[in-house]
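Worksheet: the structure to be examined is printed underneath.
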Amino acid sequence: MKTKQAHWLLLMAALFLVACQTEQPEQTGSQQSPGESEQQVDYQKDPVKPEPVKPHADLLNKYATFRLTADISHLSEQQRQLLPKLIAAAQIMDQLFWLQSFGAKQSFLDGIKDQRLRTFADINYGPWDRLDGDQPFMPGYGDKSLGANFYPHDLDKADFEANGTQAMKDLYTYVVRNEQGELAAEAFHVRHAKALKQAADLLLEAAELAEDVGFKKYLQLRANALQNDQFRASDLAWMDMKNNAIDVVIGPIETYEDQLFGYKAAYEAYVLIKDLAWSERLAKFAAFLPQLQAELPVADAYKTETPGTDSDLNAYDAIFYAGHSNAGSKTIAINLPNDETVQLEKGTRRLQLKNVMQAKFEKILVPIARELVAPEQQKHITFNAFFANTMFHEVAHGLGIKNTINDQGTVRTALKEYASAIEEGKADILGLYMVEKLHAMGELEEGELMDYYTTFMAGIFRSVRFGSSSAHGVANLLRFNYFAEQGAFSFNETTGQYTVDAEKMSQAIASLSQKILTHQGDGDYAAVADWFTSDGVISPALAASLEKVNQAGIPVDVVFEQGMKYLKF
């Protein structure tokens with residue numbers, strides 16, 4: 001990992017070349033929570049006080065400001081009253097994520113006098129740049145702990161692997177030292193009892209206002225789950241919701257923040273409004289999952305699991321992000337639940353965040369394509385292809401394999417800190433595999449296959465800029481190098497632009513799918529680690545391409561203005 005990160009350091013230094021921008025975001029979305037005080041739950045012991053300094057003039061220019069809004073005029077008065085309660089609960093998740101990732105938020109931010117630097121620290125939930133491999137951007141701070149605040153910072157990794165109990169490796173526990181200095185597990189719901197009770201009460205109040213029976217049940221079960229870390233019942237209830245106009249994803253969910261082992265879930269939340277018209281267009285695709293699973297380009301042993309048949313696809317406008325989902329790069333689609341048993345029983349729900357997707361397409365992907373895609377192929381950069389590639393990425397999380405074929409447990413536990421990145425890589429490549437299959441079946445009615453290929457390639461440049469601390473960024477880097485080796489695209493050194501070879505692209509999709517699924521099914525930690533080390537490097541052509549993008553002043557990601565005041569009544 002250290003070798004890979006060193007190469008990322010060389011690359012991401014280029015990201016500071018973006019031109020200066022004078023306007024700053026009105027609101028980053030990270031706010032003081034109405035939950036418990038920081039003093040009651042703060043367990044971060046900062047060895048060095050931050051020293052406020054003027055930021056590099058271009059730090060904030062990595063982000064394009066985007067307002068999260070939606071038309072809620074179709075909602076009833078009761079439904080509108082429900083939204084502020086969901087947002088307030090989300091803000092509590094935001095505060096808890098600060099504690100998981102860094103420590104006390106307000107005292108840290110109050111110590112930063114330069115407003116632009118303060119805003120940048122708020123976006124990053126601490127003094128480490130999430131789009132630059134978690135490098136510190138403020139003096140007085142060293143490297144970010146790979147385990148964030150989920151483990152003691154002096155934890156011996158090998159000793160923990162050998163002697164840590166199952167409770168210590170649980171998704172919803174902190175690893176702490178007791179009075180005798182011995183390692184022990186502390187449940188999330190115990191440490192954060194007061195804040196989680198406040199969040200649960202808000203969800204129960206929202207449930208009283210909910211008009212959809214399924215949504216009401218989910219909110220009630222999720223409120224209980226926040227207070228006991230038993231999420232399966234609420235996950236199953238969330239899967240059963242079909243007709244709710246409002247949705248909320250809330251709790252400790254993704255494990256990306258734990259870069260030491262990938263064991264620990266981080267608090268986050270999304271508040272969403274369903275786009276009924278787009279959702280209707282997407283509904284048919286989940287039915288193809290069993291057939292697509294059976295036809296995966298890999299040996300039969302790696303595709304014996306059957307995807308759940310309750311999987312569904314829907315489009316939403318996001319109106320609030322909080323916690324892990326709001327830190328650094330912002331996701332444009334959601335595929336949940338993560339519980340492997342729920343996935344095998346029910347499948348997953350895939351939520352496409354259409355308004356955020358449109359923002360990234362217009363503000364980032366199209367400008368990148370103008371710089372890096374050959375002029376004759378730029379016509380193939382389309383929003384429909386970008387939407388479909390993103391959608392099928394999420395659907396593809398349900399394909400493949402969740403449990404190793406050789407009794408090493410789940411893929412997630414066998415591959416440890418590499419599990420998230422290789423799963424994102426699997427979803428990317430199998431998503432494109434699905435596009436090929438469905439296009440050949442006549443189920444994708446809009447666009448040529450080259451639209452999907454070319455837009456996919458441009459998307460690699462967008463995602464690889466997320467940095468080595470992002471599972472999506474690493475997955476895109478590995479795929480870029482693989483495609484280059486297979487000749488899936490060619491690079492013109494004179495123009496600095498790329499051209500897709502459709503035939504070789506299709507071949508590379510099949511062979512890379514086979515490679516990733518085999519690694520996952522075998523649970524081969526050593527082989528995956530070797531792949532990340534050998535291929536997780538920046539080629540001179542890619543480094544030059546990304547520098548060209550940065551010189552053009554193209555932002556890396558978006559930062560939100562969000563809250564009730566931005567909604568359309």
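If you're wondering about the labels, chains in the structure tokens are A, B, ... by order shown, residues count from 1 in each chain, ligands from 1 in order shown.
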
* To do: Write out as a list in words each polymer residue whose atoms come within 7 Å of stretch 380-397 of chain A, counting only C-alpha atoms; drop sequence neighbours fewer than 2 positions from it.
  =>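 In the requested format, the answer is Ala333, Ile334, Asn335, Arg350, Gln352, Phe361, Gln377, Gln378, Leu399, Ala427, Asp428, Leu430, Gly431, Leu432, Met434, Met450, Asp451, Tyr452, Thr454, Thr455 and Phe456 of chain A.
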
Based on the selection just made, write N, CA and C atoms of those residues as a PDB file, in the first residue's frame.
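In the end it all went to out-v1.pdb:
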ATOM      1  N   ALA A 333     -24.917   7.365  -6.563  1.00  0.00           N
ATOM      2  CA  ALA A 333     -25.873   6.256  -6.550  1.00  0.00           C
ATOM      3  C   ALA A 333     -25.624   5.426  -5.298  1.00  0.00           C
ATOM      4  N   ILE A 334     -26.643   4.732  -4.856  1.00  0.00           N
ATOM      5  CA  ILE A 334     -26.581   3.948  -3.631  1.00  0.00           C
ATOM      6  C   ILE A 334     -27.031   2.526  -3.938  1.00  0.00           C
ATOM      7  N   ASN A 335     -26.307   1.554  -3.394  1.00  0.00           N
ATOM      8  CA  ASN A 335     -26.677   0.153  -3.528  1.00  0.00           C
ATOM      9  C   ASN A 335     -26.627  -0.477  -2.139  1.00  0.00           C
ATOM     10  N   ARG A 350     -31.342  -0.147  -5.547  1.00  0.00           N
ATOM     11  CA  ARG A 350     -30.388   0.733  -6.223  1.00  0.00           C
ATOM     12  C   ARG A 350     -31.038   2.089  -6.414  1.00  0.00           C
ATOM     13  N   GLN A 352     -30.634   5.813  -7.705  1.00  0.00           N
ATOM     14  CA  GLN A 352     -29.869   6.696  -8.578  1.00  0.00           C
ATOM     15  C   GLN A 352     -30.166   8.146  -8.202  1.00  0.00           C
ATOM     16  N   PHE A 361     -22.049  15.313 -14.212  1.00  0.00           N
ATOM     17  CA  PHE A 361     -21.920  15.177 -15.659  1.00  0.00           C
ATOM     18  C   PHE A 361     -21.610  16.523 -16.295  1.00  0.00           C
ATOM     19  N   GLN A 377     -14.853  11.315 -31.254  1.00  0.00           N
ATOM     20  CA  GLN A 377     -15.617  10.458 -30.346  1.00  0.00           C
ATOM     21  C   GLN A 377     -16.338  11.239 -29.244  1.00  0.00           C
ATOM     22  N   GLN A 378     -16.165  12.547 -29.224  1.00  0.00           N
ATOM     23  CA  GLN A 378     -16.812  13.334 -28.164  1.00  0.00           C
ATOM     24  C   GLN A 378     -18.343  13.309 -28.276  1.00  0.00           C
ATOM     25  N   LEU A 399     -24.446  -8.868  -8.452  1.00  0.00           N
ATOM     26  CA  LEU A 399     -23.955 -10.001  -9.239  1.00  0.00           C
ATOM     27  C   LEU A 399     -22.657 -10.533  -8.642  1.00  0.00           C
ATOM     28  N   ALA A 427     -18.098  -3.918  -9.549  1.00  0.00           N
ATOM     29  CA  ALA A 427     -19.357  -3.282  -9.941  1.00  0.00           C
ATOM     30  C   ALA A 427     -19.191  -2.456 -11.210  1.00  0.00           C
ATOM     31  N   ASP A 428     -18.062  -1.769 -11.331  1.00  0.00           N
ATOM     32  CA  ASP A 428     -17.812  -0.979 -12.539  1.00  0.00           C
ATOM     33  C   ASP A 428     -17.780  -1.867 -13.776  1.00  0.00           C
ATOM     34  N   LEU A 430     -18.647  -5.143 -14.205  1.00  0.00           N
ATOM     35  CA  LEU A 430     -19.848  -5.929 -14.468  1.00  0.00           C
ATOM     36  C   LEU A 430     -21.016  -5.042 -14.885  1.00  0.00           C
ATOM     37  N   GLY A 431     -21.000  -3.786 -14.450  1.00  0.00           N
ATOM     38  CA  GLY A 431     -22.013  -2.857 -14.925  1.00  0.00           C
ATOM     39  C   GLY A 431     -21.911  -2.654 -16.426  1.00  0.00           C
ATOM     40  N   LEU A 432     -20.678  -2.538 -16.924  1.00  0.00           N
ATOM     41  CA  LEU A 432     -20.481  -2.382 -18.364  1.00  0.00           C
ATOM     42  C   LEU A 432     -20.796  -3.681 -19.105  1.00  0.00           C
ATOM     43  N   MET A 434     -23.135  -5.681 -18.169  1.00  0.00           N
ATOM     44  CA  MET A 434     -24.597  -5.677 -18.252  1.00  0.00           C
ATOM     45  C   MET A 434     -25.083  -4.792 -19.389  1.00  0.00           C
ATOM     46  N   MET A 450     -21.104   2.478 -28.416  1.00  0.00           N
ATOM     47  CA  MET A 450     -19.939   3.351 -28.270  1.00  0.00           C
ATOM     48  C   MET A 450     -20.210   4.496 -27.289  1.00  0.00           C
ATOM     49  N   ASP A 451     -21.475   4.916 -27.161  1.00  0.00           N
ATOM     50  CA  ASP A 451     -21.795   5.944 -26.167  1.00  0.00           C
ATOM     51  C   ASP A 451     -21.403   5.471 -24.775  1.00  0.00           C
ATOM     52  N   TYR A 452     -21.738   4.219 -24.481  1.00  0.00           N
ATOM     53  CA  TYR A 452     -21.474   3.677 -23.150  1.00  0.00           C
ATOM     54  C   TYR A 452     -19.969   3.460 -22.943  1.00  0.00           C
ATOM     55  N   THR A 454     -17.409   5.045 -24.474  1.00  0.00           N
ATOM     56  CA  THR A 454     -16.672   6.312 -24.442  1.00  0.00           C
ATOM     57  C   THR A 454     -16.970   7.089 -23.173  1.00  0.00           C
ATOM     58  N   THR A 455     -18.231   7.119 -22.787  1.00  0.00           N
ATOM     59  CA  THR A 455     -18.592   7.800 -21.545  1.00  0.00           C
ATOM     60  C   THR A 455     -17.976   7.096 -20.346  1.00  0.00           C
ATOM     61  N   PHE A 456     -17.898   5.774 -20.412  1.00  0.00           N
ATOM     62  CA  PHE A 456     -17.252   5.005 -19.348  1.00  0.00           C
ATOM     63  C   PHE A 456     -15.787   5.383 -19.219  1.00  0.00           C
TER      64      PHE A 456
END

Requested in this report: Can you pull out every residue within 12 Å of A:Ile509, counting only C-alpha atoms, but drop anything in the same chain fewer than 6 positions away, and send it as a list in words?
Outcome: Leu296, Pro297, Val298, Gly425, Lys426, Ala427, Asp428, Ile429, Leu430, Gly431, Leu432, Tyr433, Met434, Val435, Glu436, Lys437, Tyr453, Phe456, Arg479, Phe480, Tyr482, Phe483, Gln486, Gly487, Ala488, Ala502, Glu503, Lys515 and Ile516 of chain A

Write out the residues from the selection above, keeping C-alpha atoms, as a PDB file, in the first residue's frame.
ATOM      1  CA  LEU A 296     -21.150 -14.111 -16.220  1.00  0.00           C
ATOM      2  CA  PRO A 297     -17.805 -14.711 -18.003  1.00  0.00           C
ATOM      3  CA  VAL A 298     -16.309 -16.857 -15.215  1.00  0.00           C
ATOM      4  CA  GLY A 425     -13.985  -2.461  -9.431  1.00  0.00           C
ATOM      5  CA  LYS A 426     -16.260  -5.469  -9.845  1.00  0.00           C
ATOM      6  CA  ALA A 427     -19.357  -3.282  -9.941  1.00  0.00           C
ATOM      7  CA  ASP A 428     -17.812  -0.979 -12.539  1.00  0.00           C
ATOM      8  CA  ILE A 429     -16.768  -3.740 -14.922  1.00  0.00           C
ATOM      9  CA  LEU A 430     -19.848  -5.929 -14.468  1.00  0.00           C
ATOM     10  CA  GLY A 431     -22.013  -2.857 -14.925  1.00  0.00           C
ATOM     11  CA  LEU A 432     -20.481  -2.382 -18.364  1.00  0.00           C
ATOM     12  CA  TYR A 433     -20.870  -6.110 -19.015  1.00  0.00           C
ATOM     13  CA  MET A 434     -24.597  -5.677 -18.252  1.00  0.00           C
ATOM     14  CA  VAL A 435     -24.810  -2.743 -20.653  1.00  0.00           C
ATOM     15  CA  GLU A 436     -23.358  -4.925 -23.421  1.00  0.00           C
ATOM     16  CA  LYS A 437     -25.766  -7.771 -22.704  1.00  0.00           C
ATOM     17  CA  TYR A 453     -17.843   2.746 -23.850  1.00  0.00           C
ATOM     18  CA  PHE A 456     -17.252   5.005 -19.348  1.00  0.00           C
ATOM     19  CA  ARG A 479      -9.012  -0.597 -14.445  1.00  0.00           C
ATOM     20  CA  PHE A 480      -7.345   2.199 -16.410  1.00  0.00           C
ATOM     21  CA  TYR A 482      -5.712  -2.931 -17.315  1.00  0.00           C
ATOM     22  CA  PHE A 483      -7.533  -1.352 -20.258  1.00  0.00           C
ATOM     23  CA  GLN A 486      -5.302  -4.691 -23.347  1.00  0.00           C
ATOM     24  CA  GLY A 487      -5.406  -1.903 -25.951  1.00  0.00           C
ATOM     25  CA  ALA A 488      -9.003  -0.976 -25.119  1.00  0.00           C
ATOM     26  CA  ALA A 502     -14.737  -1.010 -29.311  1.00  0.00           C
ATOM     27  CA  GLU A 503     -13.661  -4.585 -30.068  1.00  0.00           C
ATOM     28  CA  LYS A 515     -10.038 -11.789 -13.017  1.00  0.00           C
ATOM     29  CA  ILE A 516     -11.930  -9.852 -10.353  1.00  0.00           C
TER      30      ILE A 516
END

So which residues touch A:Val213 within 10 Å, counting only C-alpha atoms, skipping near sequence neighbours fewer than 5 positions away, as a PDB file with C-alpha atoms, in the first residue's frame?
ATOM      1  CA  ALA A 207     -42.958   7.821  11.409  1.00  0.00           C
ATOM      2  CA  TYR A 218     -39.046   1.149   8.285  1.00  0.00           C
ATOM      3  CA  MET A 241     -40.817  -0.355   0.540  1.00  0.00           C
ATOM      4  CA  ASN A 243     -44.423   3.242  -3.005  1.00  0.00           C
ATOM      5  CA  ASN A 244     -42.890   5.808  -0.641  1.00  0.00           C
TER       6      ASN A 244
END

DSSP alpha helix (DSSP H) selection over stretch 338-508 of chain A, as a PyMOL selection string:
chain A and resi 340-346+354-360+366-372+383-396+411-415+419-440+449-464+471-486+502-508

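For the residues A:Met138, A:Leu282, A:Leu219, A:Val175, ranking by smallest atom-to-atom distance to A:Tyr263 using only C-alpha atoms places A:Val175 first.
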
Exercise for the section: Could you give me the residues within stretch 107-354 of chain A that DSSP places in strand (DSSP E), as a VMD selection string? Expected result: chain A and resid 128 to 129 135 to 136 173 to 177 183 to 187 246 to 252 267 to 275 312 to 323 333 to 336 349 to 353

Would you save the residues of that selection, restricted to N, CA and C atoms, as a short mmCIF file (atom, residue, chain, number, x, y, z; two decimals), in the first residue's frame?
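The resulting file, selection.cif, is shown below:
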data_model
loop_
_atom_site.label_atom_id
_atom_site.label_comp_id
_atom_site.auth_asym_id
_atom_site.auth_seq_id
_atom_site.Cartn_x
_atom_site.Cartn_y
_atom_site.Cartn_z
N TRP A 128 -7.23 16.43 6.83
CA TRP A 128 -6.64 15.60 5.78
C TRP A 128 -7.46 15.71 4.49
N ASP A 129 -6.79 15.90 3.39
CA ASP A 129 -7.43 16.11 2.09
C ASP A 129 -7.86 14.77 1.51
N GLN A 135 -3.69 13.33 2.61
CA GLN A 135 -2.51 14.09 3.03
C GLN A 135 -2.95 15.28 3.89
N PRO A 136 -2.21 15.59 4.96
CA PRO A 136 -2.59 16.74 5.79
C PRO A 136 -2.40 18.04 5.02
N THR A 173 -18.66 -1.90 16.37
CA THR A 173 -17.93 -1.72 17.63
C THR A 173 -16.65 -0.94 17.40
N TYR A 174 -16.26 -0.19 18.42
CA TYR A 174 -14.93 0.40 18.49
C TYR A 174 -14.01 -0.59 19.21
N VAL A 175 -12.74 -0.56 18.86
CA VAL A 175 -11.74 -1.31 19.60
C VAL A 175 -11.05 -0.33 20.54
N VAL A 176 -11.09 -0.61 21.82
CA VAL A 176 -10.57 0.30 22.83
C VAL A 176 -9.63 -0.47 23.76
N ARG A 177 -8.92 0.28 24.60
CA ARG A 177 -8.12 -0.35 25.66
C ARG A 177 -8.83 -0.15 26.99
N LEU A 183 -7.07 -4.90 24.90
CA LEU A 183 -8.05 -4.55 23.88
C LEU A 183 -9.43 -5.07 24.26
N ALA A 184 -10.43 -4.28 23.94
CA ALA A 184 -11.81 -4.67 24.19
C ALA A 184 -12.70 -4.03 23.14
N ALA A 185 -13.92 -4.53 23.01
CA ALA A 185 -14.90 -3.99 22.07
C ALA A 185 -15.89 -3.11 22.81
N GLU A 186 -16.23 -1.97 22.19
CA GLU A 186 -17.25 -1.08 22.74
C GLU A 186 -18.27 -0.80 21.64
N ALA A 187 -19.50 -1.15 21.87
CA ALA A 187 -20.55 -1.02 20.85
C ALA A 187 -20.83 0.44 20.53
N ILE A 246 -40.86 9.64 -0.21
CA ILE A 246 -39.70 10.15 0.53
C ILE A 246 -38.90 8.96 1.02
N ASP A 247 -37.57 9.10 1.07
CA ASP A 247 -36.75 8.02 1.60
C ASP A 247 -35.63 8.63 2.43
N VAL A 248 -35.11 7.84 3.36
CA VAL A 248 -33.95 8.23 4.14
C VAL A 248 -33.07 6.99 4.33
N VAL A 249 -31.79 7.16 4.08
CA VAL A 249 -30.78 6.13 4.37
C VAL A 249 -29.98 6.66 5.54
N ILE A 250 -29.95 5.94 6.65
CA ILE A 250 -29.37 6.51 7.86
C ILE A 250 -28.78 5.42 8.75
N GLY A 251 -27.61 5.71 9.33
CA GLY A 251 -26.99 4.79 10.27
C GLY A 251 -25.53 4.56 9.94
N PRO A 252 -24.89 3.62 10.64
CA PRO A 252 -23.52 3.21 10.29
C PRO A 252 -23.60 2.22 9.13
N TYR A 267 -20.98 6.33 10.25
CA TYR A 267 -22.31 6.96 10.25
C TYR A 267 -22.48 7.89 9.05
N GLU A 268 -23.66 7.84 8.46
CA GLU A 268 -23.98 8.69 7.32
C GLU A 268 -25.49 8.77 7.15
N ALA A 269 -25.93 9.62 6.24
CA ALA A 269 -27.36 9.73 5.96
C ALA A 269 -27.58 10.41 4.62
N TYR A 270 -28.67 10.04 3.96
CA TYR A 270 -29.19 10.72 2.78
C TYR A 270 -30.68 10.93 3.00
N VAL A 271 -31.19 12.09 2.64
CA VAL A 271 -32.63 12.34 2.60
C VAL A 271 -32.99 12.56 1.13
N LEU A 272 -34.02 11.83 0.65
CA LEU A 272 -34.26 11.72 -0.78
C LEU A 272 -35.74 11.90 -1.13
N ILE A 273 -35.98 12.45 -2.33
CA ILE A 273 -37.32 12.57 -2.90
C ILE A 273 -37.36 11.75 -4.18
N LYS A 274 -38.31 10.83 -4.28
CA LYS A 274 -38.37 9.93 -5.45
C LYS A 274 -38.81 10.68 -6.69
N ASP A 275 -38.12 10.41 -7.80
CA ASP A 275 -38.52 10.91 -9.12
C ASP A 275 -39.36 9.80 -9.75
N ASP A 312 -34.71 -3.66 -6.77
CA ASP A 312 -35.42 -2.69 -7.60
C ASP A 312 -34.53 -1.49 -7.86
N LEU A 313 -34.93 -0.73 -8.86
CA LEU A 313 -34.19 0.45 -9.29
C LEU A 313 -35.12 1.65 -9.23
N ASN A 314 -34.62 2.73 -8.64
CA ASN A 314 -35.41 3.95 -8.58
C ASN A 314 -34.50 5.17 -8.71
N ALA A 315 -35.06 6.25 -9.18
CA ALA A 315 -34.33 7.52 -9.31
C ALA A 315 -34.85 8.50 -8.27
N TYR A 316 -33.92 9.27 -7.73
CA TYR A 316 -34.25 10.22 -6.66
C TYR A 316 -33.54 11.54 -6.89
N ASP A 317 -34.11 12.59 -6.30
CA ASP A 317 -33.38 13.84 -6.10
C ASP A 317 -32.94 13.86 -4.64
N ALA A 318 -31.63 14.01 -4.43
CA ALA A 318 -31.11 14.10 -3.07
C ALA A 318 -31.33 15.51 -2.54
N ILE A 319 -31.74 15.62 -1.28
CA ILE A 319 -31.91 16.95 -0.69
C ILE A 319 -31.01 17.15 0.53
N PHE A 320 -30.36 16.07 1.02
CA PHE A 320 -29.44 16.24 2.14
C PHE A 320 -28.49 15.05 2.21
N TYR A 321 -27.20 15.37 2.34
CA TYR A 321 -26.15 14.38 2.60
C TYR A 321 -25.57 14.68 3.98
N ALA A 322 -25.14 13.65 4.71
CA ALA A 322 -24.52 13.87 6.02
C ALA A 322 -23.54 12.76 6.34
N GLY A 323 -22.53 13.11 7.12
CA GLY A 323 -21.56 12.13 7.58
C GLY A 323 -20.69 11.61 6.46
N ALA A 333 -24.92 7.36 -6.56
CA ALA A 333 -25.87 6.26 -6.55
C ALA A 333 -25.62 5.43 -5.30
N ILE A 334 -26.64 4.73 -4.86
CA ILE A 334 -26.58 3.95 -3.63
C ILE A 334 -27.03 2.53 -3.94
N ASN A 335 -26.31 1.55 -3.39
CA ASN A 335 -26.68 0.15 -3.53
C ASN A 335 -26.63 -0.48 -2.14
N LEU A 336 -27.79 -0.75 -1.57
CA LEU A 336 -27.86 -1.25 -0.20
C LEU A 336 -29.04 -2.22 -0.09
N ARG A 349 -31.56 -2.64 -3.08
CA ARG A 349 -32.21 -1.51 -3.76
C ARG A 349 -31.11 -0.63 -4.33
N ARG A 350 -31.34 -0.15 -5.55
CA ARG A 350 -30.39 0.73 -6.22
C ARG A 350 -31.04 2.09 -6.41
N LEU A 351 -30.49 3.08 -5.76
CA LEU A 351 -31.04 4.42 -5.78
C LEU A 351 -30.13 5.32 -6.60
N GLN A 352 -30.63 5.81 -7.71
CA GLN A 352 -29.87 6.70 -8.58
C GLN A 352 -30.17 8.15 -8.20
N LEU A 353 -29.14 8.88 -7.81
CA LEU A 353 -29.33 10.26 -7.34
C LEU A 353 -29.19 11.20 -8.53
#

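Between A:Pro84 and the residues A:Gln343, A:Asn178, A:Asp159, A:Leu209, the shortest atom-to-atom distance, using only C-alpha atoms, involves A:Leu209.
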
(message) What's around stretch 151-155 of chain A at 12 Å? Count only C-alpha atoms, leave out sequence neighbours fewer than 2 positions away in its own chain, and write the answer as a ChimeraX atom specification.
(response) /A:43-47,100-102,143-149,157-161,163-164,168-169,173-178,181-186,257-264

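Among the candidates A:Asp122, A:Ala287, A:Tyr141, A:Trp98, the one nearest to A:Asp110 when counting only C-alpha atoms is A:Asp122.
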
Computed interatomic separation between atom CA of A:Asp71 and atom CA of A:Lys568 (Å)
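Atom CA of A:Lys568 lies at a distance of 4.7 Å from atom CA of A:Asp71.
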
Problem set entry | Nearest-residue call for A:Pro375, choices A:Asn338, A:Thr518, A:Thr410, A:Gln497, using only C-alpha atoms |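 Using only C-alpha atoms, A:Pro375 sits closest to A:Gln497.
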
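Note that the spacing between atom CA of A:Lys194 and atom CA of A:Asp229 amounts to 14.1 Å.
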
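Look at A:Val411: the protein and nucleic acid residues within 10 Å of it, using only C-alpha atoms and passing over chain neighbours fewer than 5 places away, are Glu340, Ile401, Lys402, Asn403, Thr404, Ile405, Lys416, Tyr418, Ala419, Ser420, Ile422, Glu423, His519, Gln520, Gly521, Asp522, Gly523, Asp524 and Tyr525 of chain A.
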
Take the residues that were just selected and, keeping N, CA and C atoms, output them as an mmCIF file, in the first residue's frame.
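The resulting file, result_30.cif, is shown below:
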data_model
loop_
_atom_site.group_PDB
_atom_site.id
_atom_site.type_symbol
_atom_site.label_atom_id
_atom_site.label_comp_id
_atom_site.auth_asym_id
_atom_site.auth_seq_id
_atom_site.Cartn_x
_atom_site.Cartn_y
_atom_site.Cartn_z
ATOM 1 N N GLU A 340 -24.842 -9.327 3.647
ATOM 2 C CA GLU A 340 -24.835 -10.364 2.608
ATOM 3 C C GLU A 340 -26.055 -11.283 2.706
ATOM 4 N N ILE A 401 -20.255 -12.826 -6.476
ATOM 5 C CA ILE A 401 -20.161 -13.729 -5.334
ATOM 6 C C ILE A 401 -19.969 -12.939 -4.050
ATOM 7 N N LYS A 402 -20.662 -13.347 -3.013
ATOM 8 C CA LYS A 402 -20.557 -12.700 -1.696
ATOM 9 C C LYS A 402 -19.739 -13.539 -0.719
ATOM 10 N N ASN A 403 -19.727 -14.841 -0.941
ATOM 11 C CA ASN A 403 -19.004 -15.763 -0.063
ATOM 12 C C ASN A 403 -17.944 -16.506 -0.862
ATOM 13 N N THR A 404 -16.768 -16.668 -0.277
ATOM 14 C CA THR A 404 -15.679 -17.360 -0.969
ATOM 15 C C THR A 404 -16.065 -18.811 -1.237
ATOM 16 N N ILE A 405 -15.429 -19.406 -2.219
ATOM 17 C CA ILE A 405 -15.767 -20.784 -2.606
ATOM 18 C C ILE A 405 -14.927 -21.810 -1.862
ATOM 19 N N LYS A 416 -10.304 -8.124 3.428
ATOM 20 C CA LYS A 416 -9.985 -7.077 4.413
ATOM 21 C C LYS A 416 -9.985 -5.689 3.792
ATOM 22 N N TYR A 418 -8.729 -4.483 1.229
ATOM 23 C CA TYR A 418 -8.865 -4.398 -0.226
ATOM 24 C C TYR A 418 -10.287 -4.702 -0.698
ATOM 25 N N ALA A 419 -11.131 -5.171 0.204
ATOM 26 C CA ALA A 419 -12.460 -5.642 -0.200
ATOM 27 C C ALA A 419 -13.293 -4.543 -0.844
ATOM 28 N N SER A 420 -13.267 -3.351 -0.268
ATOM 29 C CA SER A 420 -14.114 -2.272 -0.798
ATOM 30 C C SER A 420 -13.686 -1.866 -2.196
ATOM 31 N N ILE A 422 -11.918 -3.582 -4.466
ATOM 32 C CA ILE A 422 -12.124 -4.602 -5.501
ATOM 33 C C ILE A 422 -13.613 -4.807 -5.769
ATOM 34 N N GLU A 423 -14.461 -4.580 -4.752
ATOM 35 C CA GLU A 423 -15.904 -4.652 -4.978
ATOM 36 C C GLU A 423 -16.362 -3.516 -5.880
ATOM 37 N N HIS A 519 -10.617 -13.579 -8.096
ATOM 38 C CA HIS A 519 -9.961 -13.101 -6.875
ATOM 39 C C HIS A 519 -10.939 -13.066 -5.703
ATOM 40 N N GLN A 520 -12.154 -12.588 -5.951
ATOM 41 C CA GLN A 520 -13.139 -12.513 -4.875
ATOM 42 C C GLN A 520 -13.550 -13.905 -4.404
ATOM 43 N N GLY A 521 -13.858 -14.784 -5.341
ATOM 44 C CA GLY A 521 -14.295 -16.121 -4.963
ATOM 45 C C GLY A 521 -13.230 -16.910 -4.236
ATOM 46 N N ASP A 522 -11.974 -16.712 -4.617
ATOM 47 C CA ASP A 522 -10.871 -17.396 -3.940
ATOM 48 C C ASP A 522 -10.520 -16.748 -2.599
ATOM 49 N N GLY A 523 -10.982 -15.512 -2.387
ATOM 50 C CA GLY A 523 -10.601 -14.805 -1.163
ATOM 51 C C GLY A 523 -9.093 -14.676 -1.061
ATOM 52 N N ASP A 524 -8.446 -14.479 -2.203
ATOM 53 C CA ASP A 524 -6.970 -14.531 -2.280
ATOM 54 C C ASP A 524 -6.378 -13.175 -1.899
ATOM 55 N N TYR A 525 -6.180 -12.971 -0.617
ATOM 56 C CA TYR A 525 -5.678 -11.695 -0.111
ATOM 57 C C TYR A 525 -4.311 -11.368 -0.691
#

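Minimum distance to A:Ala414 across A:Ala237, A:Gln95, A:Ala526, A:Leu444 (counting only C-alpha atoms) occurs at A:Ala526.
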
Q.
Would you pick out the contacts of A:Ala484 at 12 Å or less, using only C-alpha atoms, so that residues sharing its chain but fewer than 3 positions from it are not included, and give the list as a PyMOL selection string?
A. chain A and resi 457+477-481+487-491+498-501+504-505+508+535+538-539+541-542

Atom CA of A:Gly442 to atom CA of A:Gly400 measures 23.2 Å

Min atom-atom distance to A:Gln78 from the set A:Ala167, A:Thr255, A:Ala206, A:Gln106, counting only C-alpha atoms, belongs to A:Ala206
